[in-house]
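A.B. asks: Quick one: the structure is below, questions incoming.
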Amino acid sequence: MGVLNVTPDSFSDGGCYHDHHAAIDHARAMLDQGVDIVDIGGESTRPGADPVSKETELGRVMPVIESLRGQTDACISVDTSTPEVIEQAAAAGCDLINDVRSLTQGDALSVASSTMLPVCLMHMQGDPKTMQDYPSYGNLIDEVCAYFSERIAACERAGISRERLILDPGFGFGKTSEHNLTLINRLKQLDCFGLPILVGLSRKSTISKIVGNYESLMAGSIAGALLAVANGATIVRVHDVRETVAALKIAASIQRERLI
Ligand code: PT1
């Protein structure tokens, strides 16, 4: 899964013609480099990020989803918690709902249910604005698993069958660096749900803390992605598509003892 942010940077607000075209170009580059899923998001969920209005989010992501849908049959994912965005993205031909808030906002459960799309449920402690203030757990893995149990049950009650679900432990979302490392090291403990696992650790602060410099962020992120896949992740959410695909092909070739 390749990251496609349509969010403000120092030059733009993420919502204008130029931003949309830059996003489409970036999506096509990632597809050329071998990505399977393009994950389009209009809300930053980095630590300290402010929430955005649904109008802002719609104005950022919908033109990009609509344009990209017209250019590729590849899997398009929408990174959103907002019911209106889920609804419109699905109507525009999006293939996957990636919600870091696990369908807890408004009528997200019923809206997602009626789209018939697969959904990625992610664990987060708190919300992006304050989640890194004081992350704290009695037993991290138990609490993440209990959260998944509750959200899977809520989905099933809303008519979203288990077969449509993907689980994500939420690396960087209300966790210390040690918590994040534990999640990847013990990822197999999430296998008990029998659902595919997605992990996003690319260029996050835990990686940058360990490697210590910006130049090594990609290598650090790839090492994390390889370990996550070795420990059972089926989808990794990444920025550096070409390099991560190469690394994953080598790892898979070694594990299968043949060239892939
Ligand atoms: C993720 C993810 C995501 N991450 C899924 N969706 C982000 N399913 C956005 C930091 O510590 O892991 N899984 N959508 C980006 N969020 C963060 C969080 C970015 C923490 C950076 C950090 O630096």
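Simple scheme: letters A, B, ... for chains in structure tokens order, numbers from 1 for residues in each chain, numbers from 1 for ligands in the order shown.
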Quick one: pick out all strand (DSSP E or B) residues within stretch 37-239 of chain A from a backbone DSSP run and write them as a VMD selection string.
C.D. replies: chain A and resid 37 to 41 75 to 79 96 to 99 119 to 122 165 to 168 197 to 200 235 to 238
A.B. asks: Can I get the residues close to ligand 1 as a PyMOL selection string, where close means within 7 Å and we count only C-alpha atoms and all ligand atoms?
C.D. replies: chain A and resi 44-47+79+98-100+120+122+168+170-173+198-201+203-206+237
A.B. asks: Would you output that residue set with N, CA and C atoms, as a compact mmCIF listing (two decimals), in the first residue's frame?
C.D. replies:
```
# COMPACT_ATOMS: atom_id res chain seq x y z
N SER A 44 -4.51 14.77 8.04
CA SER A 44 -3.30 14.29 8.67
C SER A 44 -3.66 13.66 10.01
N THR A 45 -3.10 12.49 10.29
CA THR A 45 -3.32 11.84 11.59
C THR A 45 -2.01 11.69 12.34
N ARG A 46 -1.02 12.49 11.93
CA ARG A 46 0.25 12.50 12.66
C ARG A 46 0.02 13.06 14.05
N PRO A 47 0.92 12.72 15.00
CA PRO A 47 0.77 13.28 16.35
C PRO A 47 0.66 14.80 16.33
N ASP A 79 -8.35 6.84 3.02
CA ASP A 79 -7.90 6.92 4.41
C ASP A 79 -8.76 8.00 5.08
N ASN A 98 -10.03 2.66 4.68
CA ASN A 98 -8.97 2.57 5.68
C ASN A 98 -9.26 3.62 6.76
N ASP A 99 -9.77 3.15 7.90
CA ASP A 99 -10.20 4.11 8.93
C ASP A 99 -9.39 3.95 10.21
N VAL A 100 -8.53 4.93 10.50
CA VAL A 100 -7.71 4.88 11.72
C VAL A 100 -8.58 4.97 12.98
N CYS A 120 -10.39 -1.54 6.74
CA CYS A 120 -9.27 -1.73 7.66
C CYS A 120 -9.60 -1.04 8.97
N MET A 122 -8.24 0.08 12.63
CA MET A 122 -6.95 0.34 13.27
C MET A 122 -7.11 0.67 14.74
N ASP A 168 -5.22 -3.53 11.88
CA ASP A 168 -3.97 -2.77 11.92
C ASP A 168 -3.69 -2.35 13.36
N GLY A 170 -1.86 -0.14 14.57
CA GLY A 170 -1.75 1.31 14.78
C GLY A 170 -0.39 1.77 15.30
N PHE A 171 0.65 1.40 14.59
CA PHE A 171 2.02 1.84 14.92
C PHE A 171 2.05 3.37 14.93
N GLY A 172 2.46 3.95 16.08
CA GLY A 172 2.56 5.42 16.16
C GLY A 172 1.30 6.12 16.65
N PHE A 173 0.27 5.35 16.96
CA PHE A 173 -1.01 5.96 17.36
C PHE A 173 -1.29 5.76 18.85
N LEU A 198 -2.50 -5.30 8.47
CA LEU A 198 -1.85 -4.19 7.78
C LEU A 198 -0.99 -3.46 8.81
N VAL A 199 0.20 -3.03 8.40
CA VAL A 199 1.07 -2.26 9.29
C VAL A 199 1.61 -1.05 8.55
N GLY A 200 1.58 0.11 9.23
CA GLY A 200 2.15 1.33 8.65
C GLY A 200 3.21 1.88 9.60
N LEU A 201 4.46 1.76 9.21
CA LEU A 201 5.52 2.33 10.07
C LEU A 201 6.45 3.24 9.30
N ARG A 203 8.59 5.89 7.77
CA ARG A 203 9.03 7.26 8.10
C ARG A 203 8.44 7.82 9.39
N LYS A 204 7.95 6.95 10.27
CA LYS A 204 7.37 7.45 11.52
C LYS A 204 8.44 7.77 12.56
N SER A 205 8.05 8.50 13.61
CA SER A 205 9.03 9.04 14.55
C SER A 205 9.81 7.96 15.29
N THR A 206 9.19 6.80 15.53
CA THR A 206 9.95 5.71 16.19
C THR A 206 11.12 5.27 15.31
N ARG A 237 1.99 -0.34 4.64
CA ARG A 237 1.68 1.00 4.13
C ARG A 237 2.98 1.79 4.11
```
A.B. asks: What's around A:Glu243 at 10 Å? Count only C-alpha atoms, leave out sequence neighbours fewer than 3 positions away in its own chain, and write the answer as a tab-separated table (two decimals) with C-alpha atoms, in the first residue's frame.
C.D. replies:
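File written: selection-v4.tsv
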```
chain	number	residue	atom	x	y	z
A	33	GLN	CA	6.95	1.13	-9.07
A	34	GLY	CA	4.79	-1.87	-8.19
A	218	MET	CA	13.99	4.86	4.18
A	219	ALA	CA	16.38	2.03	5.09
A	222	ILE	CA	12.19	-0.95	4.93
A	238	VAL	CA	4.79	2.72	2.75
A	239	HIS	CA	6.18	5.86	1.13
A	240	ASP	CA	9.17	4.34	-0.69
A	246	ALA	CA	12.60	-4.81	-4.04
A	247	ALA	CA	13.32	-5.66	-0.42
A	248	LEU	CA	10.10	-7.69	-0.09
A	249	LYS	CA	10.88	-9.62	-3.28
```
A.B. asks: I want to know what sits within 10 Å of A:Leu31, based on only C-alpha atoms, with residues of the same chain fewer than 2 positions away left out; could you give that as an MDAnalysis selection string?
C.D. replies: chainID A and resid 1:2 25:29 33:38 72 74 241:242
A.B. asks: Let me see the file: selected residues, N, CA and C atoms, as a compact mmCIF listing (two decimals), in the first residue's frame.
C.D. replies:
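Wrote result17.txt, looks like this:
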```txt
# COMPACT_ATOMS: atom_id res chain seq x y z
N MET A 1 0.85 -1.19 0.00
CA MET A 1 0.00 0.00 0.00
C MET A 1 0.88 1.24 0.00
N GLY A 2 0.66 2.13 -0.97
CA GLY A 2 1.44 3.36 -1.06
C GLY A 2 0.68 4.54 -0.48
N ASP A 25 -0.03 12.45 -10.19
CA ASP A 25 1.30 12.08 -10.71
C ASP A 25 2.01 11.14 -9.75
N HIS A 26 1.89 11.46 -8.47
CA HIS A 26 2.56 10.62 -7.46
C HIS A 26 1.94 9.22 -7.41
N ALA A 27 0.61 9.16 -7.53
CA ALA A 27 -0.08 7.86 -7.53
C ALA A 27 0.39 7.03 -8.71
N ARG A 28 0.48 7.64 -9.88
CA ARG A 28 0.93 6.90 -11.07
C ARG A 28 2.36 6.42 -10.94
N ALA A 29 3.19 7.26 -10.33
CA ALA A 29 4.58 6.84 -10.10
C ALA A 29 4.63 5.62 -9.18
N GLN A 33 5.91 1.75 -9.91
CA GLN A 33 6.95 1.13 -9.07
C GLN A 33 6.47 -0.15 -8.38
N GLY A 34 5.23 -0.55 -8.66
CA GLY A 34 4.79 -1.87 -8.19
C GLY A 34 3.87 -1.88 -6.99
N VAL A 35 3.28 -0.74 -6.65
CA VAL A 35 2.36 -0.75 -5.52
C VAL A 35 1.05 -1.44 -5.91
N ASP A 36 0.41 -2.12 -4.97
CA ASP A 36 -0.86 -2.79 -5.25
C ASP A 36 -2.06 -1.93 -4.86
N ILE A 37 -1.89 -1.11 -3.83
CA ILE A 37 -2.99 -0.30 -3.30
C ILE A 37 -2.51 1.14 -3.15
N VAL A 38 -3.31 2.10 -3.62
CA VAL A 38 -2.99 3.52 -3.39
C VAL A 38 -3.93 4.03 -2.31
N THR A 72 -6.97 3.89 -13.73
CA THR A 72 -6.40 2.60 -13.31
C THR A 72 -7.46 1.68 -12.71
N ALA A 74 -6.28 -0.50 -10.55
CA ALA A 74 -5.61 -0.89 -9.30
C ALA A 74 -6.49 -0.54 -8.10
N VAL A 241 8.01 3.12 -2.42
CA VAL A 241 7.46 1.91 -3.03
C VAL A 241 8.52 1.08 -3.74
N ARG A 242 9.30 1.69 -4.63
CA ARG A 242 10.26 0.91 -5.42
C ARG A 242 11.20 0.10 -4.51
```
A.B. asks: Apply DSSP to the structure's backbone, then extract all residues of stretch 117-236 of chain A labelled helix (DSSP H, G or I) and return them as an NGL selection string.
C.D. replies: :A and (140-157 or 162-164 or 177-185 or 187-193 or 205-211 or 214-230)
A.B. asks: What's the 12 Å shell around stretch 58-64 of chain A, counting only C-alpha atoms, without same-chain residues fewer than 3 positions away, as number ranges by chain?
C.D. replies: A: 4-8, 12-28, 38-44, 52-55, 67-71, 76-94
